[in-house]
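Data block below; observations after.
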Amino acid sequence: MSFDGIVTRAVVNELNMKLIGGRIDKIYQQENDEILFHIHNKGNNYKLIISASSNNPRLYLTNFTKDNPPEPPMFCMLLRKHLIGGIILNIEQFQLDRIVFIDVSSKDELGQNTKKRLVVEIMGKYSNIILLDNTSNKIIDAIKRVNEDMSRIRKILPGLIYEYPPYEDKINPLISTKDDFYKKLESSNKNLPCYKFFYFNYLGLSPLISREICFDSNIDIDRPIGSLFDTEKEFLFNSFNSMINKVSKLNFKPNYILSENENEIIAFHALEINQFGNKNKFYSDSISEILDKYYRKKDTQDRIIQKSQAIKKSVQIKLERAVNKLSKQKEELLESQDREKYKIYADLISANLYRIPKGIDSIELENFYDENMGTIIVPLDKKLTPVANAQKYYKKYSKLKNAEALLQNQIKETEEEIMYLENILVSIENATEVEELDEIKEELIKEGYIKGTLKRKKNKDSVSKPLHFISSDGFNIYVGKNNKQNDYLTLKLAKKNDIWLHVQKIPGSHVIIESLGKSIPNSTLEEAAILAAYYSKGKNSNNVPVDYTERKYVKKPNNAKAGMVIYENYKTIFVNPSNEIFNRIKKVEN
């Protein structure tokens with residue numbers, strides 16, 4: 001990860017400039033492993049996020065907030081008890097490691113001043129947030145308690161003395177020498193790739209910054225250190241030393257690099273990164289701004305994946321059952337359409353009662369329904385009398401006759417259910433915010449597909465924001481990511497002359513082109529159609545048919561499920577969904 005000891009040092013430096021002397025006003029625990037502090041200092045309000053997430057542990061100032069749980073967790077209550085109203089005295093980093101100490105002065109129940117220390121350990125799956133008594137160094141509690149069964153090396157439990165994480169045999173680069181560098185080169189495995197040498201032997205260096213040192217030295221990152229010439233070793237040391245001097249002097253230049261399509265941050269750091277070139281590189285005066293931009297999206301994506309798994313599994317089970325149900329219904333429909341033979345069996349048995357002995361399992365009879373007066377073999381239940389066999393066939397015929405109309409309705413309902421559940425799976429794939437998954441879950445609870453309690457919302461009409469794009473011709477295009485957004489776009493936002501698009505006969509998003517009374521150019525229509533195909537089940541297909549019509553021709557049937565509509569007076573355009581569409585249009589950030 002790019003959040004290494006150097007980035008941590010830059011964050012600590014920024015926090016010292018902005019938070020020292022500040023008062024902690026509010027504390028929230030919006031996730032099981034994440035704390036948000038509201039801090040007031042010198043007329044400014046700051047939000048400090050501290051996360052012990054296994055995937056995205058981090059610490060920085062943020063501009064974003066999430067919904068709070070109905071009841072604050074126990075660790076949040078503990079922090080409020082000890083830290084609310086407290087003044088931040090000191091923020092420091094342990095050596096160049098990803099461990100940060102935040103010292104707070106606050107009053108206890110008796111009004112006496114006490115000092116507490118919040119320890120933030122940014123260490124992947126071992127990340128933690130620990131509250132200590134600053135005098136005794138005893139653990140008051142931690143957001144993740146670690147008992148002996150979980151770790152024999154280091155326990156983190158209330159009442160225990162806090163110990164630093166096991167210290168690896170790494171040198172603190174801030175106090176290392178040139179001799180240390182050459183000694184490590186000599187003692188290291190000669191087949192070790194050049195870039196790995198740095199983060200294997202020096203504290204606080206990530207693979208990213210290690211590769212940057214090699215890049216700056218014009219040495220291949222995978223070059224074995226045993227193959228380096230003396231001059232190349234000197235180049236490496238000079239690059240390394242220059243970089244560490246910047247860190248020592250707090251000479252940071254926060255930056256991030258976007259992918260070619262500019263949809264993703266592929267790297268960030270507190271020091272300038274040149275290995276990706278200068279294209280799509282962006283700078284900021286604040287390391288927190290860089291981290292906030294990167295981690296907000298990444299953390300959201302990870303939490304969406306985690307949260308969507310249970311919903312997706314439940315929907316897939318319901319979908320499999322519906323598909324099996326449809327197969328059986330179609331088999332029964334085929335049988336019902338073949339029902340006339342049972343009436344023939346019954347009539348022939350009734351006309352030949354005198355010829356049919358009891359106890360046989362079939363009989364060959366003349367078929368007077370056949371123009372050629374051929375014979376037919378009639379199966380019999382030998383446990384029944386001929387009269388009872390005839391009655392059995394008459395009942396089966398009557399049942400299948402009634403069943404045909406019923407099955408046709410049932411098949412239509414099951415097909416609609418399959419379409420709906422497949423649409424839900426597409427909505428889960430399209431979700432970009434946790435609240436959108438919450439909307440999907442609420443919808444499934446309401447429809448009776450999963451168990452749960454519907455949450456009471458302050459604003460029942462509130463809806464997460466659909467995707468918003470601007471076409472190459474300057475027209476607004478909106479794309480729904482779930483059924484709630486689809487209904488909002490089609491039934492509330494769109495005007496009657498706006499253009500409505502949807503992939504033909506497969507699950508997908510509702511797409512609206514805002515016409516504003518103007519004629520829609522073919523280029524905008526094509527771009528909107530590509531978006532409709534891209535955000536559908538046909539995303540990975542070629543030549544996808546997309547229907548489009550004016551919004552006034554789209555209607556929602558009575559009692560239809562969310563997102564389900566019917567439409568008429570439409571035309572069809574065939575498009576190939578592709579990522580390249582995002583190079584033609586502009587995405588508007590919500």
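Residues are referred to by chain and number: the chain letter is A, B, ... according to the order shown in the structure tokens, the number counts from 1 in that chain, and ligands are numbered separately from 1 in the order shown.
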
For Lys401 in chain A, find every residue with an atom within 9 Å (counting only C-alpha atoms), except residues of its own chain fewer than 5 positions away, and show them as a PDB file with C-alpha atoms, in the first residue's frame.
```
ATOM      1  CA  SER A 336     -52.002 -29.503 -20.427  1.00  0.00           C
ATOM      2  CA  GLN A 337     -51.902 -28.757 -24.157  1.00  0.00           C
ATOM      3  CA  ARG A 339     -54.937 -33.038 -22.618  1.00  0.00           C
ATOM      4  CA  GLU A 340     -57.292 -34.165 -25.438  1.00  0.00           C
ATOM      5  CA  LYS A 396     -57.373 -35.298 -15.421  1.00  0.00           C
TER       6      LYS A 396
END
```

>> Residues of range 42-287 of chain A classed as strand (DSSP E or B) by DSSP on the backbone are to be reported as a VMD selection string.
In response: chain A and resid 44 to 51 58 to 61 87 to 93 99 to 107 113 to 121 128 to 133 138 to 142 146 156 161 171 193 202 224 255 to 258 265 to 269 281 to 283

Could you write out that same residue set with C-alpha atoms as a short mmCIF file (atom, residue, chain, number, x, y, z; two decimals), in the first residue's frame?
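Generated file (selection.cif):
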```cif
data_model
loop_
_atom_site.label_atom_id
_atom_site.label_comp_id
_atom_site.auth_asym_id
_atom_site.auth_seq_id
_atom_site.Cartn_x
_atom_site.Cartn_y
_atom_site.Cartn_z
CA ASN A 44 -11.98 26.14 12.29
CA ASN A 45 -13.82 22.81 12.40
CA TYR A 46 -12.00 19.65 11.37
CA LYS A 47 -13.06 16.02 10.91
CA LEU A 48 -10.37 13.47 11.70
CA ILE A 49 -11.00 9.96 10.40
CA ILE A 50 -9.15 7.02 11.95
CA SER A 51 -9.76 3.59 10.44
CA ARG A 58 -5.76 5.16 7.51
CA LEU A 59 -5.60 8.47 9.36
CA TYR A 60 -6.23 11.94 7.91
CA LEU A 61 -8.57 14.94 7.83
CA ILE A 87 -7.63 19.22 24.28
CA ILE A 88 -5.14 17.71 21.85
CA LEU A 89 -1.67 18.19 23.33
CA ASN A 90 0.59 16.25 21.01
CA ILE A 91 0.57 14.17 17.83
CA GLU A 92 3.68 12.18 17.02
CA GLN A 93 4.88 9.27 14.92
CA ILE A 99 2.16 4.12 14.38
CA VAL A 100 0.77 7.46 15.59
CA PHE A 101 0.26 8.72 19.16
CA ILE A 102 -2.39 11.35 19.90
CA ASP A 103 -2.18 12.74 23.45
CA VAL A 104 -5.31 14.34 24.89
CA SER A 105 -5.87 16.22 28.14
CA SER A 106 -9.38 15.88 29.53
CA LYS A 107 -11.25 15.84 32.83
CA ASN A 113 -7.22 16.69 34.63
CA THR A 114 -6.10 13.41 33.11
CA LYS A 115 -4.02 12.53 30.08
CA LYS A 116 -5.01 9.84 27.66
CA ARG A 117 -3.12 8.54 24.65
CA LEU A 118 -4.83 7.27 21.52
CA VAL A 119 -2.59 4.86 19.62
CA VAL A 120 -3.30 4.42 15.89
CA GLU A 121 -1.61 1.37 14.38
CA ASN A 128 -5.97 -1.12 15.60
CA ILE A 129 -7.07 1.94 17.58
CA ILE A 130 -6.09 1.68 21.23
CA LEU A 131 -6.87 4.02 24.15
CA LEU A 132 -4.23 4.18 26.90
CA ASP A 133 -3.87 5.83 30.28
CA LYS A 138 -2.20 0.63 30.57
CA ILE A 139 -4.73 -0.24 27.89
CA ILE A 140 -8.20 1.13 28.66
CA ASP A 141 -9.70 -0.57 25.60
CA ALA A 142 -9.23 -1.08 21.87
CA VAL A 146 -6.72 -9.35 20.75
CA ILE A 156 -4.38 -6.18 23.41
CA ILE A 161 0.47 -2.69 29.60
CA ILE A 171 16.73 0.40 9.98
CA PRO A 193 15.42 -7.42 -6.73
CA TYR A 202 14.28 0.13 5.84
CA PRO A 224 19.33 -8.33 -8.63
CA ASN A 255 0.40 14.09 -5.48
CA TYR A 256 -1.63 11.36 -7.14
CA ILE A 257 -1.67 9.75 -10.58
CA LEU A 258 -4.82 8.80 -12.48
CA ILE A 265 -6.17 6.74 -8.83
CA ILE A 266 -3.36 4.25 -9.48
CA ALA A 267 -0.81 5.77 -7.09
CA PHE A 268 -0.40 8.51 -4.50
CA HIS A 269 2.32 9.67 -2.14
CA LYS A 281 -0.56 13.73 -12.34
CA PHE A 282 -2.21 16.06 -9.85
CA TYR A 283 -0.86 17.93 -6.82
#
```

>> Please report the interatomic distance between CA of Ile122 in chain A and CA of Leu83 in chain A in Å with one decimal.
In response: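 If I compute the distance from CA of Ile122 in chain A to CA of Leu83 in chain A, I get 21.0 Å.
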
> For Glu335 in chain A, which residue out of A:Tyr397, A:Asn274, A:Asp347, A:Leu489 is the nearest one, using only C-alpha atoms?
Replying inline: A:Tyr397

Compile the contact shell of Tyr534 in chain A as an mmCIF file with all heavy atoms, in the first residue's frame: residues with an atom at most 12 Å away, counting only C-alpha atoms, same-chain residues fewer than 2 positions apart removed.
```
data_model
loop_
_atom_site.group_PDB
_atom_site.id
_atom_site.type_symbol
_atom_site.label_atom_id
_atom_site.label_comp_id
_atom_site.auth_asym_id
_atom_site.auth_seq_id
_atom_site.Cartn_x
_atom_site.Cartn_y
_atom_site.Cartn_z
ATOM 1 N N VAL A 426 -28.160 -6.830 -11.394
ATOM 2 C CA VAL A 426 -27.514 -5.752 -12.161
ATOM 3 C C VAL A 426 -27.380 -4.504 -11.292
ATOM 4 O O VAL A 426 -26.343 -3.834 -11.299
ATOM 5 C CB VAL A 426 -28.317 -5.432 -13.450
ATOM 6 C CG1 VAL A 426 -27.763 -4.174 -14.127
ATOM 7 C CG2 VAL A 426 -28.266 -6.601 -14.408
ATOM 8 N N GLU A 429 -24.478 -4.841 -8.998
ATOM 9 C CA GLU A 429 -23.230 -4.626 -9.721
ATOM 10 C C GLU A 429 -22.995 -3.138 -9.998
ATOM 11 O O GLU A 429 -21.848 -2.673 -10.002
ATOM 12 C CB GLU A 429 -23.250 -5.390 -11.054
ATOM 13 C CG GLU A 429 -23.239 -6.898 -10.915
ATOM 14 C CD GLU A 429 -21.967 -7.429 -10.273
ATOM 15 O OE1 GLU A 429 -20.891 -6.839 -10.503
ATOM 16 O OE2 GLU A 429 -22.061 -8.418 -9.527
ATOM 17 N N ASN A 430 -24.065 -2.388 -10.218
ATOM 18 C CA ASN A 430 -23.944 -0.968 -10.548
ATOM 19 C C ASN A 430 -23.760 -0.070 -9.336
ATOM 20 O O ASN A 430 -23.428 1.110 -9.485
ATOM 21 C CB ASN A 430 -25.188 -0.493 -11.320
ATOM 22 C CG ASN A 430 -25.239 -1.040 -12.733
ATOM 23 O OD1 ASN A 430 -24.228 -1.472 -13.282
ATOM 24 N ND2 ASN A 430 -26.417 -1.031 -13.337
ATOM 25 N N VAL A 479 -28.451 8.170 -15.509
ATOM 26 C CA VAL A 479 -28.498 6.706 -15.512
ATOM 27 C C VAL A 479 -28.859 6.212 -14.107
ATOM 28 O O VAL A 479 -28.158 6.516 -13.137
ATOM 29 C CB VAL A 479 -27.142 6.097 -15.936
ATOM 30 C CG1 VAL A 479 -27.219 4.572 -15.943
ATOM 31 C CG2 VAL A 479 -26.714 6.624 -17.303
ATOM 32 N N GLY A 480 -29.930 5.461 -14.003
ATOM 33 C CA GLY A 480 -30.322 4.888 -12.716
ATOM 34 C C GLY A 480 -29.475 3.677 -12.381
ATOM 35 O O GLY A 480 -29.216 2.844 -13.257
ATOM 36 N N LYS A 481 -29.060 3.559 -11.115
ATOM 37 C CA LYS A 481 -28.223 2.425 -10.703
ATOM 38 C C LYS A 481 -29.014 1.357 -9.962
ATOM 39 O O LYS A 481 -28.504 0.260 -9.745
ATOM 40 C CB LYS A 481 -27.064 2.926 -9.832
ATOM 41 C CG LYS A 481 -26.016 3.702 -10.611
ATOM 42 C CD LYS A 481 -24.903 4.192 -9.711
ATOM 43 C CE LYS A 481 -25.324 5.420 -8.945
ATOM 44 N NZ LYS A 481 -24.246 5.919 -8.076
ATOM 45 N N HIS A 502 -33.703 2.060 -22.735
ATOM 46 C CA HIS A 502 -33.525 0.832 -21.948
ATOM 47 C C HIS A 502 -33.123 -0.294 -22.897
ATOM 48 O O HIS A 502 -33.610 -0.368 -24.028
ATOM 49 C CB HIS A 502 -34.824 0.465 -21.233
ATOM 50 C CG HIS A 502 -34.638 -0.574 -20.145
ATOM 51 N ND1 HIS A 502 -34.490 -1.920 -20.421
ATOM 52 C CD2 HIS A 502 -34.562 -0.455 -18.799
ATOM 53 C CE1 HIS A 502 -34.349 -2.582 -19.281
ATOM 54 N NE2 HIS A 502 -34.387 -1.710 -18.283
ATOM 55 N N VAL A 503 -32.221 -1.158 -22.445
ATOM 56 C CA VAL A 503 -31.862 -2.315 -23.267
ATOM 57 C C VAL A 503 -33.107 -3.159 -23.520
ATOM 58 O O VAL A 503 -33.998 -3.228 -22.693
ATOM 59 C CB VAL A 503 -30.764 -3.172 -22.597
ATOM 60 C CG1 VAL A 503 -29.415 -2.506 -22.695
ATOM 61 C CG2 VAL A 503 -31.121 -3.480 -21.157
ATOM 62 N N PRO A 507 -32.409 -7.173 -18.278
ATOM 63 C CA PRO A 507 -32.324 -6.246 -17.146
ATOM 64 C C PRO A 507 -31.283 -5.155 -17.372
ATOM 65 O O PRO A 507 -30.216 -5.402 -17.939
ATOM 66 C CB PRO A 507 -31.909 -7.157 -15.983
ATOM 67 C CG PRO A 507 -32.309 -8.530 -16.395
ATOM 68 C CD PRO A 507 -32.147 -8.566 -17.869
ATOM 69 N N GLY A 508 -31.612 -3.956 -16.936
ATOM 70 C CA GLY A 508 -30.671 -2.852 -17.073
ATOM 71 C C GLY A 508 -31.218 -1.565 -16.484
ATOM 72 O O GLY A 508 -32.318 -1.530 -15.912
ATOM 73 N N SER A 509 -30.456 -0.506 -16.636
ATOM 74 C CA SER A 509 -30.801 0.795 -16.061
ATOM 75 C C SER A 509 -31.757 1.573 -16.964
ATOM 76 O O SER A 509 -31.745 1.414 -18.185
ATOM 77 C CB SER A 509 -29.530 1.623 -15.857
ATOM 78 O OG SER A 509 -28.649 0.993 -14.960
ATOM 79 N N HIS A 510 -32.558 2.439 -16.331
ATOM 80 C CA HIS A 510 -33.312 3.434 -17.073
ATOM 81 C C HIS A 510 -32.355 4.584 -17.379
ATOM 82 O O HIS A 510 -31.587 5.015 -16.508
ATOM 83 C CB HIS A 510 -34.477 3.971 -16.243
ATOM 84 C CG HIS A 510 -35.551 2.974 -15.982
ATOM 85 N ND1 HIS A 510 -36.853 3.331 -15.680
ATOM 86 C CD2 HIS A 510 -35.544 1.610 -15.969
ATOM 87 C CE1 HIS A 510 -37.577 2.248 -15.491
ATOM 88 N NE2 HIS A 510 -36.801 1.181 -15.650
ATOM 89 N N VAL A 511 -32.380 5.071 -18.591
ATOM 90 C CA VAL A 511 -31.514 6.187 -18.988
ATOM 91 C C VAL A 511 -32.389 7.310 -19.546
ATOM 92 O O VAL A 511 -33.301 7.053 -20.336
ATOM 93 C CB VAL A 511 -30.473 5.740 -20.042
ATOM 94 C CG1 VAL A 511 -29.632 6.928 -20.517
ATOM 95 C CG2 VAL A 511 -29.572 4.656 -19.465
ATOM 96 N N GLU A 527 -24.543 7.812 -27.553
ATOM 97 C CA GLU A 527 -23.828 7.797 -26.272
ATOM 98 C C GLU A 527 -24.725 7.339 -25.135
ATOM 99 O O GLU A 527 -24.325 6.546 -24.282
ATOM 100 C CB GLU A 527 -23.259 9.201 -25.985
ATOM 101 C CG GLU A 527 -22.087 9.550 -26.890
ATOM 102 C CD GLU A 527 -21.784 11.032 -26.948
ATOM 103 O OE1 GLU A 527 -22.456 11.809 -26.242
ATOM 104 O OE2 GLU A 527 -20.874 11.409 -27.705
ATOM 105 N N ALA A 528 -25.964 7.815 -25.127
ATOM 106 C CA ALA A 528 -26.920 7.394 -24.098
ATOM 107 C C ALA A 528 -27.246 5.915 -24.235
ATOM 108 O O ALA A 528 -27.383 5.190 -23.235
ATOM 109 C CB ALA A 528 -28.193 8.235 -24.199
ATOM 110 N N ALA A 529 -27.361 5.436 -25.475
ATOM 111 C CA ALA A 529 -27.647 4.016 -25.710
ATOM 112 C C ALA A 529 -26.486 3.149 -25.237
ATOM 113 O O ALA A 529 -26.692 2.066 -24.670
ATOM 114 C CB ALA A 529 -27.927 3.778 -27.194
ATOM 115 N N ILE A 530 -25.259 3.609 -25.467
ATOM 116 C CA ILE A 530 -24.081 2.854 -24.998
ATOM 117 C C ILE A 530 -24.079 2.787 -23.474
ATOM 118 O O ILE A 530 -23.774 1.742 -22.888
ATOM 119 C CB ILE A 530 -22.784 3.494 -25.525
ATOM 120 C CG1 ILE A 530 -22.689 3.320 -27.043
ATOM 121 C CG2 ILE A 530 -21.558 2.866 -24.856
ATOM 122 C CD1 ILE A 530 -21.534 4.070 -27.679
ATOM 123 N N LEU A 531 -24.441 3.894 -22.815
ATOM 124 C CA LEU A 531 -24.536 3.889 -21.352
ATOM 125 C C LEU A 531 -25.610 2.913 -20.879
ATOM 126 O O LEU A 531 -25.414 2.187 -19.895
ATOM 127 C CB LEU A 531 -24.843 5.303 -20.837
ATOM 128 C CG LEU A 531 -23.704 6.318 -20.915
ATOM 129 C CD1 LEU A 531 -24.200 7.718 -20.555
ATOM 130 C CD2 LEU A 531 -22.547 5.921 -20.002
ATOM 131 N N ALA A 532 -26.747 2.892 -21.580
ATOM 132 C CA ALA A 532 -27.827 1.956 -21.219
ATOM 133 C C ALA A 532 -27.346 0.518 -21.344
ATOM 134 O O ALA A 532 -27.649 -0.335 -20.491
ATOM 135 C CB ALA A 532 -29.045 2.177 -22.111
ATOM 136 N N SER A 536 -26.074 -2.594 -17.917
ATOM 137 C CA SER A 536 -27.101 -3.622 -18.065
ATOM 138 C C SER A 536 -26.458 -5.002 -18.012
ATOM 139 O O SER A 536 -25.233 -5.135 -17.960
ATOM 140 C CB SER A 536 -27.847 -3.453 -19.394
ATOM 141 O OG SER A 536 -27.062 -3.956 -20.473
ATOM 142 N N LYS A 537 -27.281 -6.023 -18.092
ATOM 143 C CA LYS A 537 -26.788 -7.398 -18.122
ATOM 144 C C LYS A 537 -26.036 -7.677 -19.420
ATOM 145 O O LYS A 537 -25.244 -8.626 -19.506
ATOM 146 C CB LYS A 537 -27.957 -8.370 -17.963
ATOM 147 C CG LYS A 537 -27.535 -9.807 -17.699
ATOM 148 C CD LYS A 537 -28.737 -10.721 -17.548
ATOM 149 C CE LYS A 537 -28.280 -12.170 -17.330
ATOM 150 N NZ LYS A 537 -29.426 -13.094 -17.241
ATOM 151 N N GLY A 538 -26.260 -6.843 -20.442
ATOM 152 C CA GLY A 538 -25.593 -7.028 -21.723
ATOM 153 C C GLY A 538 -24.262 -6.306 -21.837
ATOM 154 O O GLY A 538 -23.746 -6.127 -22.942
ATOM 155 N N LYS A 539 -23.709 -5.897 -20.702
ATOM 156 C CA LYS A 539 -22.474 -5.104 -20.680
ATOM 157 C C LYS A 539 -21.332 -5.753 -21.469
ATOM 158 O O LYS A 539 -20.559 -5.071 -22.138
ATOM 159 C CB LYS A 539 -22.050 -4.882 -19.229
ATOM 160 C CG LYS A 539 -20.744 -4.138 -19.056
ATOM 161 C CD LYS A 539 -20.434 -3.946 -17.581
ATOM 162 C CE LYS A 539 -19.125 -3.193 -17.400
ATOM 163 N NZ LYS A 539 -18.826 -2.957 -15.959
ATOM 164 N N ASN A 540 -21.225 -7.067 -21.379
ATOM 165 C CA ASN A 540 -20.111 -7.764 -22.027
ATOM 166 C C ASN A 540 -20.485 -8.356 -23.385
ATOM 167 O O ASN A 540 -19.757 -9.186 -23.929
ATOM 168 C CB ASN A 540 -19.586 -8.872 -21.104
ATOM 169 C CG ASN A 540 -19.051 -8.321 -19.788
ATOM 170 O OD1 ASN A 540 -18.329 -7.331 -19.780
ATOM 171 N ND2 ASN A 540 -19.411 -8.952 -18.679
ATOM 172 N N SER A 541 -21.614 -7.928 -23.925
ATOM 173 C CA SER A 541 -22.065 -8.438 -25.227
ATOM 174 C C SER A 541 -21.720 -7.446 -26.340
ATOM 175 O O SER A 541 -21.323 -6.310 -26.077
ATOM 176 C CB SER A 541 -23.574 -8.671 -25.204
ATOM 177 O OG SER A 541 -23.939 -9.546 -24.152
ATOM 178 N N ASN A 542 -21.875 -7.892 -27.571
ATOM 179 C CA ASN A 542 -21.689 -7.025 -28.732
ATOM 180 C C ASN A 542 -23.024 -6.784 -29.416
ATOM 181 O O ASN A 542 -23.923 -7.623 -29.372
ATOM 182 C CB ASN A 542 -20.717 -7.659 -29.731
ATOM 183 C CG ASN A 542 -19.311 -7.757 -29.174
ATOM 184 O OD1 ASN A 542 -18.851 -6.859 -28.476
ATOM 185 N ND2 ASN A 542 -18.628 -8.847 -29.489
ATOM 186 N N ASN A 543 -23.165 -5.611 -30.035
ATOM 187 C CA ASN A 543 -24.362 -5.297 -30.803
ATOM 188 C C ASN A 543 -25.632 -5.441 -29.959
ATOM 189 O O ASN A 543 -26.540 -6.222 -30.284
ATOM 190 C CB ASN A 543 -24.442 -6.192 -32.038
ATOM 191 C CG ASN A 543 -25.049 -5.468 -33.215
ATOM 192 O OD1 ASN A 543 -24.942 -4.256 -33.323
ATOM 193 N ND2 ASN A 543 -25.686 -6.219 -34.106
ATOM 194 N N VAL A 544 -25.694 -4.689 -28.873
ATOM 195 C CA VAL A 544 -26.816 -4.772 -27.928
ATOM 196 C C VAL A 544 -27.962 -3.879 -28.412
ATOM 197 O O VAL A 544 -27.752 -2.690 -28.701
ATOM 198 C CB VAL A 544 -26.373 -4.323 -26.516
ATOM 199 C CG1 VAL A 544 -27.552 -4.350 -25.545
ATOM 200 C CG2 VAL A 544 -25.240 -5.207 -26.019
ATOM 201 N N PRO A 545 -29.193 -4.419 -28.513
ATOM 202 C CA PRO A 545 -30.331 -3.581 -28.919
ATOM 203 C C PRO A 545 -30.818 -2.722 -27.749
ATOM 204 O O PRO A 545 -31.046 -3.226 -26.647
ATOM 205 C CB PRO A 545 -31.398 -4.609 -29.324
ATOM 206 C CG PRO A 545 -31.050 -5.835 -28.541
ATOM 207 C CD PRO A 545 -29.571 -5.833 -28.356
ATOM 208 N N VAL A 546 -30.974 -1.427 -27.997
ATOM 209 C CA VAL A 546 -31.466 -0.501 -26.979
ATOM 210 C C VAL A 546 -32.689 0.216 -27.534
ATOM 211 O O VAL A 546 -32.628 0.839 -28.600
ATOM 212 C CB VAL A 546 -30.376 0.533 -26.592
ATOM 213 C CG1 VAL A 546 -30.933 1.535 -25.580
ATOM 214 C CG2 VAL A 546 -29.146 -0.164 -26.030
ATOM 215 N N VAL A 575 -25.880 -1.004 -30.314
ATOM 216 C CA VAL A 575 -24.601 -0.397 -29.899
ATOM 217 C C VAL A 575 -23.696 -1.457 -29.272
ATOM 218 O O VAL A 575 -24.149 -2.528 -28.852
ATOM 219 C CB VAL A 575 -24.822 0.738 -28.871
ATOM 220 C CG1 VAL A 575 -25.551 1.910 -29.497
ATOM 221 C CG2 VAL A 575 -25.565 0.224 -27.635
ATOM 222 N N ASN A 576 -22.408 -1.138 -29.198
ATOM 223 C CA ASN A 576 -21.426 -1.982 -28.523
ATOM 224 C C ASN A 576 -20.977 -1.284 -27.244
ATOM 225 O O ASN A 576 -20.303 -0.250 -27.310
ATOM 226 C CB ASN A 576 -20.204 -2.235 -29.419
ATOM 227 C CG ASN A 576 -20.539 -3.113 -30.608
ATOM 228 O OD1 ASN A 576 -21.311 -4.054 -30.484
ATOM 229 N ND2 ASN A 576 -19.980 -2.784 -31.758
ATOM 230 N N PRO A 577 -21.366 -1.810 -26.066
ATOM 231 C CA PRO A 577 -20.937 -1.168 -24.813
ATOM 232 C C PRO A 577 -19.431 -1.261 -24.649
ATOM 233 O O PRO A 577 -18.824 -2.296 -24.920
ATOM 234 C CB PRO A 577 -21.666 -1.982 -23.732
ATOM 235 C CG PRO A 577 -22.004 -3.280 -24.376
ATOM 236 C CD PRO A 577 -22.200 -2.993 -25.833
ATOM 237 N N SER A 578 -18.808 -0.159 -24.203
ATOM 238 C CA SER A 578 -17.351 -0.139 -24.072
ATOM 239 C C SER A 578 -16.939 0.947 -23.099
ATOM 240 O O SER A 578 -17.619 1.978 -22.951
ATOM 241 C CB SER A 578 -16.702 0.106 -25.432
ATOM 242 O OG SER A 578 -15.331 0.397 -25.292
ATOM 243 N N ASN A 579 -15.790 0.737 -22.443
ATOM 244 C CA ASN A 579 -15.221 1.750 -21.553
ATOM 245 C C ASN A 579 -14.871 3.030 -22.288
ATOM 246 O O ASN A 579 -14.771 4.099 -21.681
ATOM 247 C CB ASN A 579 -13.945 1.202 -20.885
ATOM 248 C CG ASN A 579 -14.267 0.419 -19.629
ATOM 249 O OD1 ASN A 579 -15.178 0.776 -18.888
ATOM 250 N ND2 ASN A 579 -13.535 -0.647 -19.394
ATOM 251 N N GLU A 580 -14.690 2.906 -23.597
ATOM 252 C CA GLU A 580 -14.279 4.074 -24.385
ATOM 253 C C GLU A 580 -15.330 5.178 -24.368
ATOM 254 O O GLU A 580 -15.021 6.332 -24.685
ATOM 255 C CB GLU A 580 -13.980 3.652 -25.815
ATOM 256 C CG GLU A 580 -12.758 2.749 -25.939
ATOM 257 C CD GLU A 580 -12.487 2.326 -27.364
ATOM 258 O OE1 GLU A 580 -13.197 2.819 -28.264
ATOM 259 O OE2 GLU A 580 -11.564 1.521 -27.571
ATOM 260 N N ILE A 581 -16.551 4.841 -24.004
ATOM 261 C CA ILE A 581 -17.605 5.857 -23.943
ATOM 262 C C ILE A 581 -17.232 6.966 -22.966
ATOM 263 O O ILE A 581 -17.593 8.132 -23.139
ATOM 264 C CB ILE A 581 -18.966 5.220 -23.549
ATOM 265 C CG1 ILE A 581 -20.092 6.269 -23.562
ATOM 266 C CG2 ILE A 581 -18.895 4.583 -22.171
ATOM 267 C CD1 ILE A 581 -20.340 6.874 -24.908
ATOM 268 N N PHE A 582 -16.459 6.611 -21.923
ATOM 269 C CA PHE A 582 -16.118 7.606 -20.908
ATOM 270 C C PHE A 582 -15.071 8.601 -21.397
ATOM 271 O O PHE A 582 -14.786 9.589 -20.723
ATOM 272 C CB PHE A 582 -15.660 6.907 -19.627
ATOM 273 C CG PHE A 582 -16.711 6.015 -19.038
ATOM 274 C CD1 PHE A 582 -16.588 4.631 -19.094
ATOM 275 C CD2 PHE A 582 -17.851 6.543 -18.457
ATOM 276 C CE1 PHE A 582 -17.573 3.798 -18.580
ATOM 277 C CE2 PHE A 582 -18.840 5.726 -17.942
ATOM 278 C CZ PHE A 582 -18.696 4.345 -18.003
#
```

>> Need to verify the contact set: Lys395 in chain A, 12 Å, only C-alpha atoms, exclusion of same-chain residues closer than 4 positions in sequence. Can you return it as a PyMOL selection string?
In response: chain A and resi 339+342-343+345-346+388-391+399-403

>> List the spatial neighbours of range 410-412 of chain A as a list in words - criterion: any atom at most 10 Å away, only C-alpha atoms, same-chain residues fewer than 6 positions off excluded.
In response: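 In the requested form, the answer reads Lys325, Leu326, Ser327, Lys328, Gln329, Lys330, Leu333, Ala403, Glu404 and Ile418 of chain A.
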
>> Can you measure CA of Lys441 in chain A to CA of Tyr567 in chain A for me? One decimal in Å is fine.
In response: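 Computed distance, CA of Lys441 in chain A to CA of Tyr567 in chain A, equals 27.0 Å.
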
> Hey, can you check how far CA of Asp67 in chain A sits from CA of Asp438 in chain A?
Replying inline: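 Distance reported for this atom pair: 11.6 Å.
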